[in-house]
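Q: Just dropping this structure here.
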Amino acid sequence: MLIVAGFFLASCAATKTEEGGNVDAASTSASSSSGGEITAGTQEDLIVNVGDRVFFEFDSSELTVDAQATLDAQAAWLMQYPDTNITVEGHADERGTREYNLALGDKRAFSVYSYLAQAGIDTNRMEYVSWGKERPEVIGSDETAYSQNRRGVTIVSN
Amino acid sequence: MIKKILLILFFSLNANAALEVTIAQGKVEPTPIAITQIFGTDSDTARYGNTLRQIINNNLTNSGLFYTVNEDLYIQSDNLVEKIPRFEDWKLIKAQFLLSADVSKTDTGIRLRMRLYDVFNGKEIEKLQLTIPDENLIRRVGHTVSDIVYERITGETGYFDTRIVYVSEIGPLDQRVKRLAIMDQDGHLDSHQFLTDGKNLVLTPRFAPNNQIITYMEYKNNLPRVYIYNLKTGEREIVGDFPGMTFAPRFSPDSQSVVMSFSDPDNAANSEIYLMDLNTRSRLRLTNDSGIDTSPSFSPNGERIVFNSDRGGSPQLFIMDKNGDNMKRISKGRGVYGNPVWSPRGDLIAFTKLTQGNFHIGIMDTNGNNERVIVRDFSLESPAWSPNGRYLIFHRQKRSNLDGTGGEVTIHFIDITGYNERLIPTPRDGSDPAWSPLL
């Protein structure tokens, strides 16, 4: 549920407001202009001000130029908040077998994890996990959904 | 319980040569069989009789190799367990075989007596007497009788007294709740049982070939790892202490080892195939390549393993010796291959293939020759063999839509000739089916 709310926020980041209470799924989906104050160093902060996810090409775990830019920003953000720990989730679209997609999701998660590690983030702060095709971000059997489901998502875990 | 049934089985094996209903490739004309009323001696046993008759009728009909002659046509209505049938009456309605049975209560439990007749040759070809301690085993009796009839007439091993383990699914597609569940091969609701509570995501259950143990993958504490589940004791246990994801497990033919993928953090989380000895807990790495290696499946003689690898660029099927030697690609067609499963007869490999926007379930020889498609649809996955190697079960998923509708996933049965597909009913959605050995 957190991820779903987060995705919505990311897509309406331009209209976020500074007043109001905490952001949650109910308030954001009720009105895109009734967002809350964002606490620095939180998942919301990461989503809105940095970007919590990167996307992959079909059947690939290589980081695109866009993905690398997002991860550079994530690394800087993680440097800024050294008490923050994360879990990187790797996901796949539905057009592969369950087992192959588990493997692919793990390679994707590891791509993100190792990029952040090379950017100087202590691996003690990071974990990664593959969800294969089990947790799509967008439901749907078309390329629009698939392209958003082939993703690596950084989740603040503390 | 299994032993008990076997001990009280009493066979009379006639000296007749096996009746030949040869199973070749292609559509088989179903053999007509008549099943008399299964007679009881009181209201309980009459009820058992009705249940048994229904089970046997469904099993034989669902196999695609039999059809039951319409009861309205029967001329003789007697109990034919002790009385010799008037074969002319059964010939007239074109029943090639005739099954009669009765049920009674005895000091030791519930007794079934069965006779199977070859109508055209006018003789008894099988008889059976079986006693069970209580009615909880009635369904097993129905499946056992079905197996005996199937084996006697087709010459093939039966598959009715078996179970299917699968993943029961419910809830929105992006937060699916998945539970391990088990049922008789016919999917009868009375036999259905959940094995896990849905708290953790579970995937890809598979039976051990020799016993009632399942291996599967579970996200316990969000750590995806391979487990085994002993159906007799209810015990669950992780398969080895690996520092990364383990998945895609299958038993070796002797049920003593599990072959699976391990995604090692020290190997850039690239999936390699490992063999884990369940007794010594020693592990052997079988593959070493920068591509993904997964979905291993043993040949029934334990000598070779077929698996899925994208080492050549796209996911294809490969075989190797049990120690990882002599690796070679076997899939030859265009498309993305996956899910290879070696037939229990040893002669075929079932697989999925994605090409031109559709999934196909197919079979090929073990060298990759003679590939043929059995079924094609938008989304098909997880082929699993019947223990006699004649049928496959698999799951089919419908397209889903942005509004969250669609995506229904169901379990299906099909003859490897591509005929006789049917739905195996499950109380909720179902995926990742796997077949047990004969009980």
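Here, A, B, ... name the chains of the structure tokens in the order displayed, residue numbers run from 1 inside each chain, and ligands are numbered from 1 in the same displayed order.
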Please return as a list in words: the residues of region 16-93 of chain B that backbone DSSP assigns to alpha helix (DSSP H).
A: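 Matching residues for alpha helix (DSSP H) in region 16-93 of chain B are Ser43, Asp44, Thr45, Ala46, Arg47, Tyr48, Gly49, Asn50, Thr51, Leu52, Arg53, Gln54, Ile55, Ile56, Asn57, Asn58, Asn59, Leu60, Thr61, Asn62, Phe87, Glu88, Asp89, Trp90, Lys91 and Leu92 of chain B.
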Q: Would you mind listing, as a list in words, all residues of chain B that have at least one atom within 6 Å of chain A, where only C-alpha atoms are what counts?
A: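 Result, ordered by chain then number: Asp174, Ala248, Ala269, Ser271, Arg399, Ser400, Asn401, Leu402 and Gly404 of chain B.
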Q: Kindly give the distance, in Å, that separates CA of Ile86 (chain A) and CA of Glu127 (chain A), rounded to a single decimal.
A: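 Taking CA of Ile86 (chain A) and CA of Glu127 (chain A), their separation equals 6.4 Å.
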Q: As a PyMOL selection string, please: the residues near region 44-58 of chain A (cut-off 6 Å, only C-alpha atoms, same-chain neighbours under 3 positions excluded).
A: chain A and resi 10+13+38+40-41+67+150-154
Q: Could you dump the residues just selected with C-alpha atoms as an mmCIF file, in the first residue's frame?
A:
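Output (part.cif):
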```
data_model
loop_
_atom_site.group_PDB
_atom_site.id
_atom_site.type_symbol
_atom_site.label_atom_id
_atom_site.label_comp_id
_atom_site.auth_asym_id
_atom_site.auth_seq_id
_atom_site.Cartn_x
_atom_site.Cartn_y
_atom_site.Cartn_z
ATOM 1 C CA ALA A 10 5.691 10.690 -7.564
ATOM 2 C CA ALA A 13 5.098 15.796 -7.338
ATOM 3 C CA ILE A 38 7.259 15.981 3.953
ATOM 4 C CA ALA A 40 13.204 14.900 5.481
ATOM 5 C CA GLY A 41 14.872 11.506 5.203
ATOM 6 C CA ALA A 67 18.478 5.005 -14.070
ATOM 7 C CA ARG A 150 10.185 -3.692 -14.851
ATOM 8 C CA ARG A 151 11.648 -1.739 -11.986
ATOM 9 C CA GLY A 152 14.003 -1.442 -9.080
ATOM 10 C CA VAL A 153 12.488 0.341 -6.090
ATOM 11 C CA THR A 154 14.367 1.745 -3.126
#
```
Q: Might you pull out every residue within 12 Å of Asn230 (chain B), with only C-alpha atoms counted and same-chain residues fewer than 5 positions away left off, and present them as a count of residues only?
A: 14
Q: Within 8 Å of Leu71 (chain A), counting only C-alpha atoms, which residues qualify if same-chain residues fewer than 6 places away don't, as a list in words?
A: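 Residues near the query, excluding close chain neighbours: Val54, Val112, Tyr115 and Leu116 of chain A.
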Q: Keeping only C-alpha atoms, write the selected residues to a file as a PDB file, in the first residue's frame.
A:
```pdb
ATOM      1  CA  VAL A  54      14.492   3.027 -11.830  1.00  0.00           C
ATOM      2  CA  VAL A 112      20.753  -1.037  -8.060  1.00  0.00           C
ATOM      3  CA  TYR A 115      25.550   0.825  -8.070  1.00  0.00           C
ATOM      4  CA  LEU A 116      24.696   2.465  -4.764  1.00  0.00           C
TER       5      LEU A 116
END
```
Q: Could you find all residues in region 68-179 of chain B that DSSP calls strand (DSSP E) from the backbone, and write them as a ChimeraX atom specification?
A: /B:68,97-106,109-118,123-132,163-170,177-179
Q: Rounded to one decimal, what separation in Å do you get between CA of Thr196 (chain B) and CA of Leu180 (chain B)?
A: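 About the pair CA of Thr196 (chain B) and CA of Leu180 (chain B): they are 5.4 Å apart.
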Q: Enter the distance from CA of Phe251 (chain B) to CA of Ser297 (chain B), in Å, rounded to one decimal.
A: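 So the answer is 8.0 Å.
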Q: Please provide as a VMD selection string all residues within 9 Å of Ser157 (chain A), with the sequence filter that same-chain residues fewer than 4 positions apart are discarded (counting only C-alpha atoms).
A: chain A and resid 43 84 to 87 126
Q: Mind dumping the selected residues with N, CA and C atoms as a PDB file, in the first residue's frame?
A:
```
ATOM      1  N   GLN A  43      10.644   7.945   3.321  1.00  0.00           N
ATOM      2  CA  GLN A  43      10.277   7.380   2.018  1.00  0.00           C
ATOM      3  C   GLN A  43       9.610   8.455   1.153  1.00  0.00           C
ATOM      4  N   THR A  84      19.672   6.303   7.582  1.00  0.00           N
ATOM      5  CA  THR A  84      18.617   5.648   6.805  1.00  0.00           C
ATOM      6  C   THR A  84      19.116   4.331   6.204  1.00  0.00           C
ATOM      7  N   ASN A  85      18.357   3.277   6.439  1.00  0.00           N
ATOM      8  CA  ASN A  85      18.646   1.991   5.792  1.00  0.00           C
ATOM      9  C   ASN A  85      17.613   1.729   4.699  1.00  0.00           C
ATOM     10  N   ILE A  86      18.009   0.958   3.713  1.00  0.00           N
ATOM     11  CA  ILE A  86      17.085   0.706   2.599  1.00  0.00           C
ATOM     12  C   ILE A  86      17.046  -0.773   2.205  1.00  0.00           C
ATOM     13  N   THR A  87      15.928  -1.142   1.583  1.00  0.00           N
ATOM     14  CA  THR A  87      15.827  -2.416   0.875  1.00  0.00           C
ATOM     15  C   THR A  87      15.528  -2.104  -0.582  1.00  0.00           C
ATOM     16  N   MET A 126      22.147  -1.558   3.407  1.00  0.00           N
ATOM     17  CA  MET A 126      21.297  -1.959   2.277  1.00  0.00           C
ATOM     18  C   MET A 126      21.014  -3.454   2.251  1.00  0.00           C
TER      19      MET A 126
END
```
Q: Near Ile393 (chain B), counting only C-alpha atoms, which residues have an atom at most 12 Å away, once you skip same-chain residues fewer than 2 positions from it, shown as a PyMOL selection string?
A: chain B and resi 163-166+185-187+341+350-351+361-362+374-375+380-387+389-391+395-396+410-416+418+420-424+430-436
Q: Taking only C-alpha atoms into account, name the residue in B:Phe394, B:Tyr219, B:Tyr337, B:Phe120 that is nearest to Met364 (chain B).
A: B:Tyr337
Q: With only C-alpha atoms counted and 10 Å as the cut-off, give the residues of region 80-121 of chain B in contact with region 61-73 of chain B, each with its shortest interatomic distance in Å and the pair that gives it, as a tab-separated table.
A:
```
residue	atom	partner	partner_atom	distance
B:Asp89	CA	B:Leu73	CA	9.9
B:Trp90	CA	B:Leu73	CA	9.3
B:Leu92	CA	B:Leu73	CA	9.5
B:Ile93	CA	B:Leu73	CA	6.6
B:Lys94	CA	B:Val69	CA	7.9
B:Ala95	CA	B:Val69	CA	6.4
B:Gln96	CA	B:Val69	CA	9.4
B:Phe97	CA	B:Thr68	CA	9.6
B:Leu98	CA	B:Thr68	CA	9.6
```
Q: With N, CA and C atoms retained, export the selected residues as an mmCIF file, in the first residue's frame.
A:
```
data_model
loop_
_atom_site.group_PDB
_atom_site.id
_atom_site.type_symbol
_atom_site.label_atom_id
_atom_site.label_comp_id
_atom_site.auth_asym_id
_atom_site.auth_seq_id
_atom_site.Cartn_x
_atom_site.Cartn_y
_atom_site.Cartn_z
ATOM 1 N N ASP B 89 -27.062 -58.817 -23.392
ATOM 2 C CA ASP B 89 -27.750 -57.557 -23.061
ATOM 3 C C ASP B 89 -26.797 -56.363 -23.120
ATOM 4 N N TRP B 90 -25.561 -56.591 -22.713
ATOM 5 C CA TRP B 90 -24.577 -55.498 -22.669
ATOM 6 C C TRP B 90 -23.959 -55.270 -24.038
ATOM 7 N N LEU B 92 -25.607 -55.626 -26.762
ATOM 8 C CA LEU B 92 -26.656 -54.938 -27.501
ATOM 9 C C LEU B 92 -26.543 -53.416 -27.352
ATOM 10 N N ILE B 93 -26.162 -52.961 -26.175
ATOM 11 C CA ILE B 93 -26.048 -51.505 -25.974
ATOM 12 C C ILE B 93 -24.604 -51.039 -26.178
ATOM 13 N N LYS B 94 -23.800 -51.914 -26.755
ATOM 14 C CA LYS B 94 -22.441 -51.576 -27.202
ATOM 15 C C LYS B 94 -21.496 -51.178 -26.071
ATOM 16 N N ALA B 95 -21.720 -51.799 -24.901
ATOM 17 C CA ALA B 95 -20.746 -51.623 -23.812
ATOM 18 C C ALA B 95 -19.621 -52.626 -24.049
ATOM 19 N N GLN B 96 -18.415 -52.153 -24.168
ATOM 20 C CA GLN B 96 -17.296 -53.073 -24.415
ATOM 21 C C GLN B 96 -16.820 -53.709 -23.107
ATOM 22 N N PHE B 97 -16.916 -52.923 -22.040
ATOM 23 C CA PHE B 97 -16.563 -53.429 -20.712
ATOM 24 C C PHE B 97 -17.699 -53.124 -19.745
ATOM 25 N N LEU B 98 -17.735 -53.899 -18.679
ATOM 26 C CA LEU B 98 -18.820 -53.772 -17.718
ATOM 27 C C LEU B 98 -18.241 -53.852 -16.305
#
```
